[in-house]
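Engineer: Structure below; questions to follow.
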Amino acid sequence: MSAVRVLDVSDLAPPEPMERILAALESLAPGEFLRVLHRREPWPLFPLLEQRGFRHDLRACQPPGFAILIWRATDTVAEAAARSTGG
């Protein structure tokens with residue numbers, strides 16, 4: 001069974017969004033993915049995710065901003081759930 005965890009960092013100033021995202025990823029259980037709400041595209045985050053064994057999907061959402069769906073690269077259940085969810 002998969003589950004989504006939501007983290008809204010849209011009102012935070014750097015570097016707090018990155019710190020909160022990376023901390024939340026450490027506690028993801030098997031089948032879970034993280035849905036991050038952010039006001040901008042956090043380009044510096046993406047290489048860090050790959051280095052740490054995560055994959056992501058970036059989507060535009062309302063209000064103007066982005067949803068970043070993040071899961072462990074080896075977790076096919078979480079990936080399928082993340083890819084089938086809306087922004």
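In the structure tokens, chains take letters A, B, ... by order of appearance, with residues numbered from 1 within each chain and ligands from 1 in the order shown.
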Counting only C-alpha atoms, what is within 9 Å of stretch 10-22 of chain A, bar same-chain residues fewer than 6 positions away, as a list in words?
Structural biologist: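 What passes the distance filter is Leu34, Val36, Leu37, His38, Arg39, Arg40, Pro42, Pro44, Leu45, Leu48, Leu49, Gly65 and Phe66 of chain A.
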Engineer: Could those residues be written to a file, using N, CA and C atoms, as an mmCIF file, in the first residue's frame?
Structural biologist:
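Just written: result.cif:
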```cif
data_model
loop_
_atom_site.group_PDB
_atom_site.id
_atom_site.type_symbol
_atom_site.label_atom_id
_atom_site.label_comp_id
_atom_site.auth_asym_id
_atom_site.auth_seq_id
_atom_site.Cartn_x
_atom_site.Cartn_y
_atom_site.Cartn_z
ATOM 1 N N LEU A 34 6.816 11.593 -1.082
ATOM 2 C CA LEU A 34 6.664 12.928 -0.519
ATOM 3 C C LEU A 34 6.136 13.862 -1.599
ATOM 4 N N VAL A 36 5.835 17.684 -2.185
ATOM 5 C CA VAL A 36 6.314 18.970 -1.682
ATOM 6 C C VAL A 36 5.642 20.092 -2.458
ATOM 7 N N LEU A 37 5.073 21.046 -1.742
ATOM 8 C CA LEU A 37 4.493 22.238 -2.356
ATOM 9 C C LEU A 37 5.500 23.371 -2.206
ATOM 10 N N HIS A 38 5.871 23.968 -3.338
ATOM 11 C CA HIS A 38 6.938 24.977 -3.351
ATOM 12 C C HIS A 38 6.527 26.106 -4.290
ATOM 13 N N ARG A 39 6.951 27.306 -4.000
ATOM 14 C CA ARG A 39 6.581 28.443 -4.846
ATOM 15 C C ARG A 39 7.496 28.595 -6.059
ATOM 16 N N ARG A 40 8.611 27.866 -6.080
ATOM 17 C CA ARG A 40 9.526 27.943 -7.220
ATOM 18 C C ARG A 40 10.106 26.570 -7.521
ATOM 19 N N PRO A 42 12.933 24.200 -7.377
ATOM 20 C CA PRO A 42 14.161 24.127 -6.568
ATOM 21 C C PRO A 42 15.279 23.353 -7.284
ATOM 22 N N PRO A 44 18.529 23.377 -7.344
ATOM 23 C CA PRO A 44 19.650 22.788 -6.600
ATOM 24 C C PRO A 44 19.285 21.481 -5.880
ATOM 25 N N LEU A 45 17.998 21.261 -5.636
ATOM 26 C CA LEU A 45 17.555 20.054 -4.948
ATOM 27 C C LEU A 45 17.698 18.806 -5.818
ATOM 28 N N LEU A 48 20.855 16.628 -5.707
ATOM 29 C CA LEU A 48 20.976 16.026 -4.369
ATOM 30 C C LEU A 48 20.067 14.814 -4.227
ATOM 31 N N LEU A 49 18.873 14.912 -4.786
ATOM 32 C CA LEU A 49 17.953 13.772 -4.732
ATOM 33 C C LEU A 49 18.565 12.565 -5.426
ATOM 34 N N GLY A 65 2.741 27.843 -8.472
ATOM 35 C CA GLY A 65 3.796 27.153 -7.758
ATOM 36 C C GLY A 65 4.023 25.781 -8.351
ATOM 37 N N PHE A 66 4.647 24.920 -7.568
ATOM 38 C CA PHE A 66 5.018 23.598 -8.046
ATOM 39 C C PHE A 66 4.752 22.538 -6.993
#
```
Engineer: Considering only helix (DSSP H, G or I) as DSSP defines it on the backbone, what residues of chain A qualify? List them as a ChimeraX atom specification.
Structural biologist: /A:16-26,45-51,76-84
Engineer: Between atom CA of A:Leu69 and atom CA of A:Ala81, what is the spacing in Å?
Structural biologist: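 If I compute the distance from atom CA of A:Ala81 to atom CA of A:Leu69, I get 9.9 Å.
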Engineer: Which of these, A:Leu58, A:Ile68, A:Leu7, A:Val77, has the shortest distance to A:Ala23 once you count only C-alpha atoms?
Structural biologist: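 Of A:Leu58, A:Ile68, A:Leu7, A:Val77, the one nearest A:Ala23 is A:Leu7, counting only C-alpha atoms.
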Engineer: Please report, as an MDAnalysis selection string, each residue of chain A to which DSSP assigns strand (DSSP E) when run on this structure's backbone.
Structural biologist: chainID A and resid 3:8 32:38 54:61 65:72
Engineer: Would you mind reading off the distance between atom CA of A:Ala73 and atom CA of A:Glu50, one decimal, in Å?
Structural biologist: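 Those two atoms sit 8.4 Å apart.
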